[in-house]
Amino acid sequence: MKNKENKFMNAIKSDTFMYTMLAIIMGLFVGAVIITISGYNPVEAYSTMLKGIFSKPKYMARTIIRSTPLILTGLSVAFAFRTGLFNIGVEGQFIIGALVASLLGYFIHLPAIIHIPIVFLGATLAAALWGAIAGYLKARFGVHEVIATIMLNWIALYTSNYVITMKGVKKPGTESTYDIVESARITITGFRHVVGPAKIHWGTLIAIVIAVIVSYILFKTTIGYELRAVGYNKDAAKYGGINVNKNMILAMAIAGALGGAAGALNIMGEAYHVSVLAATEGYGFNGIAVALIGNNSPLGVVLSAFLFGGITFGGMRMQQLGIPTEVINIVIGSIVFFIATYRIFEYTKKYFKKKKLQKEVK
(Lines give C-alpha, C1' and ligand atoms only; values in the text may rest on other atoms or scores of the structure.)
Protein backbone atom coordinates (compact mmCIF):
# COMPACT_ATOMS: atom_id res chain seq x y z
CA MET A 1 0.00 0.00 0.00
CA LYS A 2 2.81 2.38 0.94
CA ASN A 3 4.67 1.66 -2.31
CA LYS A 4 1.53 2.39 -4.33
CA GLU A 5 1.06 5.66 -2.43
CA ASN A 6 4.68 6.69 -3.09
CA LYS A 7 4.31 5.88 -6.80
CA PHE A 8 1.12 7.95 -6.92
CA MET A 9 2.79 10.95 -5.24
CA ASN A 10 5.84 10.67 -7.50
CA ALA A 11 3.56 10.61 -10.55
CA ILE A 12 1.82 13.77 -9.35
CA LYS A 13 5.16 15.52 -8.76
CA SER A 14 6.40 14.42 -12.19
CA ASP A 15 3.28 15.78 -13.90
CA THR A 16 3.48 19.03 -11.96
CA PHE A 17 7.10 19.54 -12.98
CA MET A 18 6.26 18.73 -16.60
CA TYR A 19 3.32 21.17 -16.63
CA THR A 20 5.49 23.91 -15.09
CA MET A 21 8.19 23.42 -17.72
CA LEU A 22 5.54 23.45 -20.46
CA ALA A 23 4.10 26.67 -19.03
CA ILE A 24 7.56 28.31 -19.09
CA ILE A 25 8.14 27.15 -22.68
CA MET A 26 4.71 28.39 -23.76
CA GLY A 27 5.33 31.73 -22.03
CA LEU A 28 8.61 32.14 -23.88
CA PHE A 29 6.88 31.13 -27.11
CA VAL A 30 4.19 33.78 -26.64
CA GLY A 31 6.95 36.31 -25.96
CA ALA A 32 8.69 35.22 -29.18
CA VAL A 33 5.47 35.74 -31.13
CA ILE A 34 5.05 39.25 -29.69
CA ILE A 35 8.69 40.07 -30.48
CA THR A 36 8.23 38.84 -34.05
CA ILE A 37 5.04 40.87 -34.49
CA SER A 38 6.95 43.93 -33.22
CA GLY A 39 9.44 43.45 -36.04
CA TYR A 40 12.38 41.97 -34.13
CA ASN A 41 14.23 38.66 -34.19
CA PRO A 42 13.16 36.52 -31.18
CA VAL A 43 16.32 34.36 -31.33
CA GLU A 44 18.49 37.47 -31.16
CA ALA A 45 16.31 38.91 -28.41
CA TYR A 46 16.51 35.83 -26.17
CA SER A 47 20.21 35.46 -26.91
CA THR A 48 20.72 39.05 -25.73
CA MET A 49 18.68 38.28 -22.60
CA LEU A 50 20.85 35.26 -21.77
CA LYS A 51 24.01 37.29 -22.33
CA GLY A 52 22.55 39.87 -19.96
CA ILE A 53 22.45 37.20 -17.26
CA PHE A 54 25.51 35.01 -17.80
CA SER A 55 28.04 36.94 -19.89
CA LYS A 56 29.66 38.83 -16.99
CA PRO A 57 30.00 38.18 -13.24
CA LYS A 58 28.44 41.55 -12.45
CA TYR A 59 25.34 40.59 -14.48
CA MET A 60 25.05 37.30 -12.61
CA ALA A 61 25.47 39.19 -9.34
CA ARG A 62 22.67 41.61 -10.24
CA THR A 63 20.42 38.69 -11.18
CA ILE A 64 21.04 37.04 -7.79
CA ILE A 65 20.45 40.30 -5.95
CA ARG A 66 17.19 40.89 -7.81
CA SER A 67 16.06 37.34 -7.05
CA THR A 68 16.79 37.43 -3.30
CA PRO A 69 13.74 39.38 -2.04
CA LEU A 70 11.56 37.40 -4.45
CA ILE A 71 12.54 34.14 -2.73
CA LEU A 72 11.07 35.40 0.52
CA THR A 73 8.02 37.20 -0.88
CA GLY A 74 7.30 34.08 -2.94
CA LEU A 75 7.68 31.92 0.16
CA SER A 76 5.28 34.20 2.02
CA VAL A 77 2.58 33.76 -0.62
CA ALA A 78 3.29 30.03 -0.99
CA PHE A 79 3.15 29.42 2.77
CA ALA A 80 -0.24 31.15 3.01
CA PHE A 81 -1.53 29.17 0.00
CA ARG A 82 -0.46 25.93 1.66
CA THR A 83 -2.54 26.86 4.71
CA GLY A 84 -5.62 27.81 2.68
CA LEU A 85 -5.06 31.58 2.76
CA PHE A 86 -4.33 34.13 0.04
CA ASN A 87 -1.73 36.56 1.36
CA ILE A 88 -1.98 39.43 -1.09
CA GLY A 89 -0.55 41.71 1.61
CA VAL A 90 3.12 40.77 1.17
CA GLU A 91 3.72 44.23 -0.27
CA GLY A 92 2.68 45.89 2.99
CA GLN A 93 4.61 43.38 5.09
CA PHE A 94 7.70 44.06 2.96
CA ILE A 95 7.28 47.80 3.58
CA ILE A 96 6.92 47.35 7.34
CA GLY A 97 9.98 45.10 7.47
CA ALA A 98 12.04 47.57 5.45
CA LEU A 99 10.93 50.55 7.56
CA VAL A 100 11.66 48.88 10.90
CA ALA A 101 15.01 47.60 9.61
CA SER A 102 16.03 51.10 8.52
CA LEU A 103 15.05 52.60 11.91
CA LEU A 104 16.76 49.92 13.98
CA GLY A 105 19.76 50.03 11.67
CA TYR A 106 20.25 53.78 12.08
CA PHE A 107 19.22 54.61 15.65
CA ILE A 108 20.84 51.63 17.40
CA HIS A 109 24.64 51.39 17.65
CA LEU A 110 25.99 47.98 18.61
CA PRO A 111 28.67 45.55 17.44
CA ALA A 112 27.71 43.91 14.14
CA ILE A 113 27.41 40.44 15.68
CA ILE A 114 24.57 41.77 17.86
CA HIS A 115 23.25 44.59 15.70
CA ILE A 116 22.53 42.51 12.57
CA PRO A 117 20.35 39.89 14.38
CA ILE A 118 18.46 42.65 16.25
CA VAL A 119 17.69 44.53 13.04
CA PHE A 120 16.65 41.41 11.14
CA LEU A 121 14.59 39.85 13.93
CA GLY A 122 13.01 43.17 14.89
CA ALA A 123 11.88 43.84 11.31
CA THR A 124 10.64 40.26 10.90
CA LEU A 125 8.66 40.39 14.15
CA ALA A 126 7.06 43.72 13.22
CA ALA A 127 5.94 42.31 9.87
CA ALA A 128 4.69 39.13 11.58
CA LEU A 129 2.46 41.24 13.80
CA TRP A 130 1.31 43.17 10.73
CA GLY A 131 0.38 39.92 8.98
CA ALA A 132 -1.31 38.58 12.13
CA ILE A 133 -3.77 41.50 12.00
CA ALA A 134 -5.32 40.06 8.84
CA GLY A 135 -5.32 36.59 10.38
CA TYR A 136 -7.09 37.86 13.50
CA LEU A 137 -9.71 39.76 11.48
CA LYS A 138 -10.50 36.59 9.52
CA ALA A 139 -10.53 34.31 12.56
CA ARG A 140 -12.51 36.64 14.83
CA PHE A 141 -14.85 38.50 12.46
CA GLY A 142 -14.73 36.50 9.22
CA VAL A 143 -13.15 39.35 7.24
CA HIS A 144 -11.68 37.86 4.05
CA GLU A 145 -7.89 38.03 4.10
CA VAL A 146 -7.73 39.44 0.55
CA ILE A 147 -9.72 42.53 1.55
CA ALA A 148 -7.88 42.92 4.85
CA THR A 149 -4.40 42.57 3.35
CA ILE A 150 -5.10 44.92 0.43
CA MET A 151 -6.17 47.61 2.88
CA LEU A 152 -3.17 46.89 5.11
CA ASN A 153 -0.91 47.38 2.08
CA TRP A 154 -2.05 50.98 1.73
CA ILE A 155 -1.91 51.60 5.47
CA ALA A 156 1.67 50.30 5.50
CA LEU A 157 2.64 52.49 2.53
CA TYR A 158 1.30 55.73 3.98
CA THR A 159 2.49 54.92 7.50
CA SER A 160 5.98 54.43 6.10
CA ASN A 161 5.78 57.70 4.16
CA TYR A 162 4.64 59.54 7.30
CA VAL A 163 7.40 58.11 9.50
CA ILE A 164 10.06 58.91 6.88
CA THR A 165 9.09 62.61 6.89
CA MET A 166 9.39 62.90 10.70
CA LYS A 167 12.12 65.13 12.10
CA GLY A 168 15.22 63.15 12.98
CA VAL A 169 14.24 60.30 10.65
CA LYS A 170 14.34 62.11 7.30
CA LYS A 171 17.75 62.93 5.90
CA PRO A 172 17.88 66.68 5.11
CA GLY A 173 17.58 67.51 1.42
CA THR A 174 16.17 64.07 0.52
CA GLU A 175 12.93 62.12 0.65
CA SER A 176 14.61 59.21 2.44
CA THR A 177 15.74 58.08 5.87
CA TYR A 178 19.37 58.18 6.94
CA ASP A 179 21.43 55.21 5.77
CA ILE A 180 21.78 52.39 8.28
CA VAL A 181 25.15 52.23 10.02
CA GLU A 182 27.90 49.86 8.93
CA SER A 183 27.30 47.45 11.83
CA ALA A 184 23.79 46.72 10.51
CA ARG A 185 24.86 45.89 6.95
CA ILE A 186 25.30 42.41 5.49
CA THR A 187 27.01 43.45 2.25
CA ILE A 188 30.03 41.43 1.14
CA THR A 189 32.70 43.89 -0.04
CA GLY A 190 35.46 41.47 -1.03
CA PHE A 191 34.25 40.93 -4.61
CA ARG A 192 34.09 44.50 -5.89
CA HIS A 193 36.89 43.82 -8.39
CA VAL A 194 34.78 41.03 -9.91
CA VAL A 195 31.16 42.20 -9.68
CA GLY A 196 31.76 45.96 -9.92
CA PRO A 197 29.13 48.17 -8.27
CA ALA A 198 26.75 45.26 -7.65
CA LYS A 199 26.16 44.79 -3.92
CA ILE A 200 26.59 41.09 -3.15
CA HIS A 201 25.29 40.31 0.33
CA TRP A 202 24.55 37.44 2.69
CA GLY A 203 20.82 37.87 2.13
CA THR A 204 20.72 35.30 -0.66
CA LEU A 205 22.16 32.57 1.57
CA ILE A 206 19.86 33.61 4.43
CA ALA A 207 16.82 33.44 2.12
CA ILE A 208 17.73 29.92 0.95
CA VAL A 209 18.23 28.76 4.56
CA ILE A 210 14.82 30.22 5.44
CA ALA A 211 13.30 28.30 2.51
CA VAL A 212 14.74 25.05 3.94
CA ILE A 213 13.34 25.91 7.39
CA VAL A 214 9.90 26.71 5.93
CA SER A 215 9.90 23.38 4.06
CA TYR A 216 10.79 21.54 7.28
CA ILE A 217 8.08 23.33 9.27
CA LEU A 218 5.40 22.64 6.66
CA PHE A 219 6.13 18.98 5.96
CA LYS A 220 8.01 17.62 8.98
CA THR A 221 6.40 19.17 12.07
CA THR A 222 3.09 18.92 13.91
CA ILE A 223 2.53 22.65 13.49
CA GLY A 224 2.97 22.33 9.73
CA TYR A 225 0.57 19.40 9.61
CA GLU A 226 -2.08 21.38 11.49
CA LEU A 227 -1.61 24.43 9.28
CA ARG A 228 -1.96 22.36 6.11
CA ALA A 229 -4.92 20.49 7.54
CA VAL A 230 -6.73 23.77 8.12
CA GLY A 231 -5.87 24.76 4.56
CA TYR A 232 -7.23 21.51 3.06
CA ASN A 233 -10.47 21.45 5.03
CA LYS A 234 -10.99 23.63 8.08
CA ASP A 235 -14.21 21.83 9.09
CA ALA A 236 -12.49 18.45 9.11
CA ALA A 237 -9.52 19.98 10.95
CA LYS A 238 -11.85 21.43 13.58
CA TYR A 239 -13.57 18.07 13.96
CA GLY A 240 -10.12 16.51 14.46
CA GLY A 241 -9.44 18.81 17.41
CA ILE A 242 -7.29 21.45 15.67
CA ASN A 243 -7.76 25.06 16.76
CA VAL A 244 -8.65 26.59 13.39
CA ASN A 245 -8.70 30.24 14.48
CA LYS A 246 -5.31 30.01 16.18
CA ASN A 247 -3.78 28.40 13.10
CA MET A 248 -5.22 31.07 10.80
CA ILE A 249 -3.57 33.79 12.85
CA LEU A 250 -0.32 31.82 13.09
CA ALA A 251 -0.27 31.18 9.32
CA MET A 252 -0.69 34.87 8.51
CA ALA A 253 1.91 35.82 11.13
CA ILE A 254 4.49 33.46 9.59
CA ALA A 255 3.63 34.67 6.08
CA GLY A 256 4.00 38.25 7.31
CA ALA A 257 7.35 37.45 8.90
CA LEU A 258 8.62 36.10 5.57
CA GLY A 259 7.50 39.24 3.76
CA GLY A 260 9.14 41.41 6.42
CA ALA A 261 12.35 39.39 6.19
CA ALA A 262 12.50 40.23 2.48
CA GLY A 263 12.21 43.94 3.26
CA ALA A 264 14.82 43.74 6.01
CA LEU A 265 17.39 41.94 3.84
CA ASN A 266 16.82 44.43 1.03
CA ILE A 267 17.66 47.31 3.38
CA MET A 268 20.55 45.58 5.15
CA GLY A 269 22.19 44.30 1.99
CA GLU A 270 21.51 46.78 -0.77
CA ALA A 271 19.30 49.85 -0.27
CA TYR A 272 20.44 50.94 3.25
CA HIS A 273 17.45 53.30 3.57
CA VAL A 274 13.76 53.64 2.73
CA SER A 275 12.26 56.44 0.67
CA VAL A 276 8.86 58.09 0.30
CA LEU A 277 6.91 56.11 -2.28
CA ALA A 278 4.05 57.21 -4.50
CA ALA A 279 3.09 53.55 -5.01
CA THR A 280 4.24 50.13 -3.90
CA GLU A 281 7.41 48.74 -5.49
CA GLY A 282 5.92 45.43 -6.59
CA TYR A 283 8.03 42.95 -4.60
CA GLY A 284 4.96 41.46 -2.96
CA PHE A 285 2.85 41.21 -6.11
CA ASN A 286 5.79 39.67 -7.99
CA GLY A 287 5.98 37.19 -5.13
CA ILE A 288 2.52 35.93 -6.13
CA ALA A 289 3.82 35.11 -9.61
CA VAL A 290 6.93 33.48 -8.13
CA ALA A 291 4.80 31.30 -5.83
CA LEU A 292 2.54 30.20 -8.68
CA ILE A 293 5.45 29.37 -10.99
CA GLY A 294 7.10 27.47 -8.12
CA ASN A 295 3.89 25.49 -7.47
CA ASN A 296 3.82 26.81 -3.89
CA SER A 297 6.69 24.55 -2.82
CA PRO A 298 9.72 26.06 -1.04
CA LEU A 299 12.25 24.54 -3.45
CA GLY A 300 10.10 25.50 -6.42
CA VAL A 301 9.86 29.07 -5.13
CA VAL A 302 13.66 29.37 -4.87
CA LEU A 303 14.13 28.18 -8.46
CA SER A 304 11.22 30.30 -9.63
CA ALA A 305 12.68 33.41 -7.99
CA PHE A 306 15.97 32.95 -9.83
CA LEU A 307 14.06 32.41 -13.09
CA PHE A 308 11.96 35.51 -12.44
CA GLY A 309 15.01 37.57 -11.49
CA GLY A 310 16.90 36.35 -14.55
CA ILE A 311 14.07 37.12 -16.96
CA THR A 312 13.44 40.60 -15.54
CA PHE A 313 17.10 41.65 -15.29
CA GLY A 314 18.30 39.91 -18.45
CA GLY A 315 15.25 41.17 -20.29
CA MET A 316 16.35 44.74 -19.68
CA ARG A 317 19.28 44.05 -22.02
CA MET A 318 16.80 43.55 -24.86
CA GLN A 319 16.26 47.29 -24.85
CA GLN A 320 19.57 47.52 -26.70
CA LEU A 321 17.71 46.05 -29.67
CA GLY A 322 14.85 48.49 -29.25
CA ILE A 323 12.50 45.89 -27.79
CA PRO A 324 10.20 47.43 -25.13
CA THR A 325 10.45 46.05 -21.59
CA GLU A 326 6.71 45.35 -21.65
CA VAL A 327 7.56 42.21 -23.61
CA ILE A 328 9.15 40.77 -20.45
CA ASN A 329 5.93 41.39 -18.51
CA ILE A 330 4.04 39.62 -21.30
CA VAL A 331 6.37 36.60 -21.00
CA ILE A 332 5.98 36.42 -17.21
CA GLY A 333 2.23 36.95 -17.44
CA SER A 334 1.97 34.20 -20.06
CA ILE A 335 3.92 31.77 -17.88
CA VAL A 336 1.62 32.45 -14.92
CA PHE A 337 -1.43 32.15 -17.19
CA PHE A 338 -0.38 28.74 -18.52
CA ILE A 339 0.40 27.51 -15.00
CA ALA A 340 -3.00 28.70 -13.80
CA THR A 341 -4.65 26.87 -16.73
CA TYR A 342 -2.59 23.68 -16.37
CA ARG A 343 -5.68 21.60 -17.15
CA ILE A 344 -5.10 22.48 -20.80
CA PHE A 345 -1.98 20.31 -20.62
CA GLU A 346 -3.88 17.58 -18.78
CA TYR A 347 -6.60 17.45 -21.45
CA THR A 348 -3.95 17.47 -24.20
CA LYS A 349 -2.13 14.58 -22.51
CA LYS A 350 -5.37 12.60 -22.14
CA TYR A 351 -6.26 13.31 -25.78
CA PHE A 352 -2.98 11.88 -27.11
CA LYS A 353 -3.21 8.90 -24.75
CA LYS A 354 -6.70 8.20 -26.08
CA LYS A 355 -5.47 8.44 -29.67
CA LYS A 356 -2.61 6.09 -28.88
CA LEU A 357 -4.96 3.52 -27.32
CA GLN A 358 -7.29 3.72 -30.33
CA LYS A 359 -4.38 3.03 -32.69
CA GLU A 360 -3.27 0.06 -30.56
CA VAL A 361 -6.81 -1.36 -30.61
CA LYS A 362 -6.92 -1.06 -34.39
# chains A, B, ... in the order shown; residues from 1 in each chain; ligands from 1
>>> residues_around(residues="region 19-29 of chain A", least_positions_apart="6", cutoff="6 Å", atoms="only C-alpha atoms", output="list in words")
Val331, Ser334, Ile335, Phe338 and Ile339 of chain A
>>> write_last_selection(atoms="N, CA, C and O atoms", output="short mmCIF file (atom, residue, chain, number, x, y, z; two decimals), in the first residue's frame")
data_model
loop_
_atom_site.label_atom_id
_atom_site.label_comp_id
_atom_site.auth_asym_id
_atom_site.auth_seq_id
_atom_site.Cartn_x
_atom_site.Cartn_y
_atom_site.Cartn_z
N VAL A 331 5.82 37.95 -21.18
CA VAL A 331 6.37 36.60 -21.00
C VAL A 331 6.01 36.05 -19.63
O VAL A 331 5.50 34.93 -19.50
N SER A 334 2.35 35.39 -19.30
CA SER A 334 1.97 34.20 -20.06
C SER A 334 2.33 32.93 -19.30
O SER A 334 1.55 31.97 -19.28
N ILE A 335 3.51 32.93 -18.67
CA ILE A 335 3.92 31.77 -17.88
C ILE A 335 2.93 31.51 -16.75
O ILE A 335 2.47 30.38 -16.54
N PHE A 338 -0.40 30.15 -18.13
CA PHE A 338 -0.38 28.74 -18.52
C PHE A 338 -0.29 27.83 -17.29
O PHE A 338 -0.82 26.71 -17.30
N ILE A 339 0.37 28.30 -16.23
CA ILE A 339 0.40 27.51 -15.00
C ILE A 339 -0.99 27.48 -14.35
O ILE A 339 -1.44 26.44 -13.85
#
>>> residues_around(residues="region 68-84 of chain A", least_positions_apart="5", cutoff="6 Å", atoms="only C-alpha atoms", output="ChimeraX atom specification")
/A:204,227-228,231,255,258-259,262,284,287-288,290-291,296,302,305
>>> select_by_dssp(residues="region 24-266 of chain A", states="helix (DSSP H, G or I)", output="number ranges by chain")
A: 24-37, 42-54, 57-82, 90-107, 112-141, 145-164, 182-184, 192-195, 203-220, 222-232, 234-239, 244-266
>>> closest_residue(among="A:Tyr46, A:Phe86, A:Tyr225, A:Phe17", to="His144 (chain A)", atoms="only C-alpha atoms")
A:Phe86
>>> closest_residue(among="A:Arg185, A:Lys56, A:Lys246, A:Lys199", to="Arg140 (chain A)", atoms="only C-alpha atoms")
A:Lys246
>>> atom_distance(atom1="CA of Thr63 (chain A)", atom2="CA of Lys51 (chain A)")
11.8 Å
>>> residues_around(residues="region 111-126 of chain A", least_positions_apart="4", cutoff="8 Å", atoms="only C-alpha atoms", output="number ranges by chain")
A: 96-101, 104-105, 130, 182-186, 256-261, 264-265
>>> write_last_selection(atoms="all heavy atoms", output="short mmCIF file (atom, residue, chain, number, x, y, z; two decimals), in the first residue's frame")
data_model
loop_
_atom_site.label_atom_id
_atom_site.label_comp_id
_atom_site.auth_asym_id
_atom_site.auth_seq_id
_atom_site.Cartn_x
_atom_site.Cartn_y
_atom_site.Cartn_z
N ILE A 96 6.75 47.27 5.89
CA ILE A 96 6.92 47.35 7.34
C ILE A 96 8.28 46.81 7.75
O ILE A 96 9.00 47.40 8.57
CB ILE A 96 5.79 46.58 8.06
CG1 ILE A 96 4.44 47.27 7.85
CG2 ILE A 96 6.09 46.45 9.56
CD1 ILE A 96 4.35 48.69 8.41
N GLY A 97 8.67 45.67 7.18
CA GLY A 97 9.98 45.10 7.47
C GLY A 97 11.11 46.03 7.09
O GLY A 97 12.08 46.21 7.85
N ALA A 98 11.00 46.65 5.92
CA ALA A 98 12.04 47.57 5.45
C ALA A 98 12.11 48.82 6.34
O ALA A 98 13.20 49.28 6.69
CB ALA A 98 11.75 47.98 4.00
N LEU A 99 10.96 49.35 6.72
CA LEU A 99 10.93 50.55 7.56
C LEU A 99 11.55 50.28 8.92
O LEU A 99 12.41 51.05 9.39
CB LEU A 99 9.48 51.03 7.73
CG LEU A 99 9.28 52.22 8.67
CD1 LEU A 99 9.97 53.47 8.13
CD2 LEU A 99 7.78 52.49 8.89
N VAL A 100 11.14 49.21 9.57
CA VAL A 100 11.66 48.88 10.90
C VAL A 100 13.16 48.58 10.83
O VAL A 100 13.93 49.00 11.70
CB VAL A 100 10.89 47.69 11.52
CG1 VAL A 100 11.54 47.23 12.82
CG2 VAL A 100 9.43 48.07 11.76
N ALA A 101 13.59 47.90 9.78
CA ALA A 101 15.01 47.60 9.61
C ALA A 101 15.82 48.88 9.47
O ALA A 101 16.91 49.01 10.04
CB ALA A 101 15.23 46.70 8.40
N LEU A 104 15.88 50.63 13.05
CA LEU A 104 16.76 49.92 13.98
C LEU A 104 18.22 49.98 13.51
O LEU A 104 19.14 50.01 14.33
CB LEU A 104 16.33 48.46 14.11
CG LEU A 104 14.96 48.20 14.76
CD1 LEU A 104 14.64 46.71 14.74
CD2 LEU A 104 14.93 48.72 16.20
N GLY A 105 18.41 50.00 12.21
CA GLY A 105 19.76 50.03 11.67
C GLY A 105 20.44 51.37 11.80
O GLY A 105 21.68 51.44 11.77
N TRP A 130 2.11 42.52 11.77
CA TRP A 130 1.31 43.17 10.73
C TRP A 130 0.48 42.12 9.98
O TRP A 130 -0.71 42.32 9.71
CB TRP A 130 2.21 43.92 9.77
CG TRP A 130 1.50 44.90 8.89
CD1 TRP A 130 1.11 44.72 7.59
CD2 TRP A 130 1.07 46.22 9.25
NE1 TRP A 130 0.49 45.84 7.11
CE2 TRP A 130 0.44 46.79 8.10
CE3 TRP A 130 1.17 46.99 10.41
CZ2 TRP A 130 -0.08 48.07 8.10
CZ3 TRP A 130 0.64 48.27 10.40
CH2 TRP A 130 0.03 48.80 9.27
N GLU A 182 27.14 50.99 9.47
CA GLU A 182 27.90 49.86 8.93
C GLU A 182 27.66 48.56 9.70
O GLU A 182 27.64 47.47 9.12
CB GLU A 182 29.40 50.18 8.97
CG GLU A 182 29.85 51.23 7.97
CD GLU A 182 29.86 50.71 6.54
OE1 GLU A 182 29.89 49.46 6.37
OE2 GLU A 182 29.82 51.52 5.60
N SER A 183 27.46 48.66 11.01
CA SER A 183 27.30 47.45 11.83
C SER A 183 25.99 46.72 11.57
O SER A 183 25.80 45.59 12.05
CB SER A 183 27.41 47.81 13.31
OG SER A 183 26.38 48.72 13.68
N ALA A 184 25.07 47.36 10.82
CA ALA A 184 23.79 46.72 10.51
C ALA A 184 23.74 46.18 9.09
O ALA A 184 22.72 45.63 8.67
CB ALA A 184 22.65 47.71 10.71
N ARG A 185 24.84 46.29 8.36
CA ARG A 185 24.86 45.89 6.95
C ARG A 185 25.38 44.46 6.78
O ARG A 185 26.25 44.02 7.54
CB ARG A 185 25.72 46.86 6.12
CG ARG A 185 25.20 48.30 6.18
CD ARG A 185 26.05 49.25 5.35
NE ARG A 185 25.60 50.62 5.52
CZ ARG A 185 26.11 51.66 4.87
NH1 ARG A 185 27.10 51.47 4.00
NH2 ARG A 185 25.64 52.87 5.08
N ILE A 186 24.87 43.78 5.76
CA ILE A 186 25.30 42.41 5.49
C ILE A 186 25.94 42.31 4.10
O ILE A 186 26.05 41.22 3.53
CB ILE A 186 24.10 41.43 5.58
CG1 ILE A 186 22.97 41.85 4.64
CG2 ILE A 186 23.60 41.33 7.01
CD1 ILE A 186 21.83 40.84 4.56
N GLY A 256 3.57 36.87 7.14
CA GLY A 256 4.00 38.25 7.31
C GLY A 256 5.47 38.36 7.67
O GLY A 256 6.18 39.25 7.17
N ALA A 257 5.93 37.45 8.51
CA ALA A 257 7.35 37.45 8.90
C ALA A 257 8.25 37.24 7.68
O ALA A 257 9.30 37.88 7.55
CB ALA A 257 7.60 36.36 9.94
N LEU A 258 7.83 36.35 6.78
CA LEU A 258 8.62 36.10 5.57
C LEU A 258 8.67 37.33 4.67
O LEU A 258 9.71 37.67 4.11
CB LEU A 258 8.04 34.90 4.81
CG LEU A 258 8.17 33.55 5.52
CD1 LEU A 258 7.32 32.49 4.82
CD2 LEU A 258 9.62 33.10 5.57
N GLY A 259 7.53 38.00 4.54
CA GLY A 259 7.50 39.24 3.76
C GLY A 259 8.37 40.32 4.38
O GLY A 259 9.09 41.04 3.69
N GLY A 260 8.31 40.43 5.72
CA GLY A 260 9.14 41.41 6.42
C GLY A 260 10.61 41.09 6.32
O GLY A 260 11.45 42.00 6.23
N ALA A 261 10.95 39.80 6.34
CA ALA A 261 12.35 39.39 6.19
C ALA A 261 12.91 39.84 4.85
O ALA A 261 14.07 40.24 4.73
CB ALA A 261 12.47 37.87 6.34
N ALA A 264 13.66 43.51 5.15
CA ALA A 264 14.82 43.74 6.01
C ALA A 264 16.12 43.44 5.26
O ALA A 264 17.08 44.23 5.31
CB ALA A 264 14.72 42.87 7.26
N LEU A 265 16.17 42.30 4.56
CA LEU A 265 17.39 41.94 3.84
C LEU A 265 17.67 42.92 2.70
O LEU A 265 18.84 43.19 2.39
CB LEU A 265 17.26 40.52 3.27
CG LEU A 265 17.22 39.39 4.31
CD1 LEU A 265 17.08 38.04 3.63
CD2 LEU A 265 18.45 39.39 5.20
#
>>> residues_around(residues="Arg62 (chain A)", least_positions_apart="4", cutoff="9 Å", atoms="only C-alpha atoms", output="list of chain:residue names")
A:Ile53, A:Pro57, A:Lys58, A:Arg66, A:Ser67, A:Val195, A:Ala198, A:Lys199, A:Ile200, A:Gly309, A:Gly310, A:Phe313
>>> atom_distance(atom1="CA of Ile254 (chain A)", atom2="CA of Val146 (chain A)")
16.3 Å
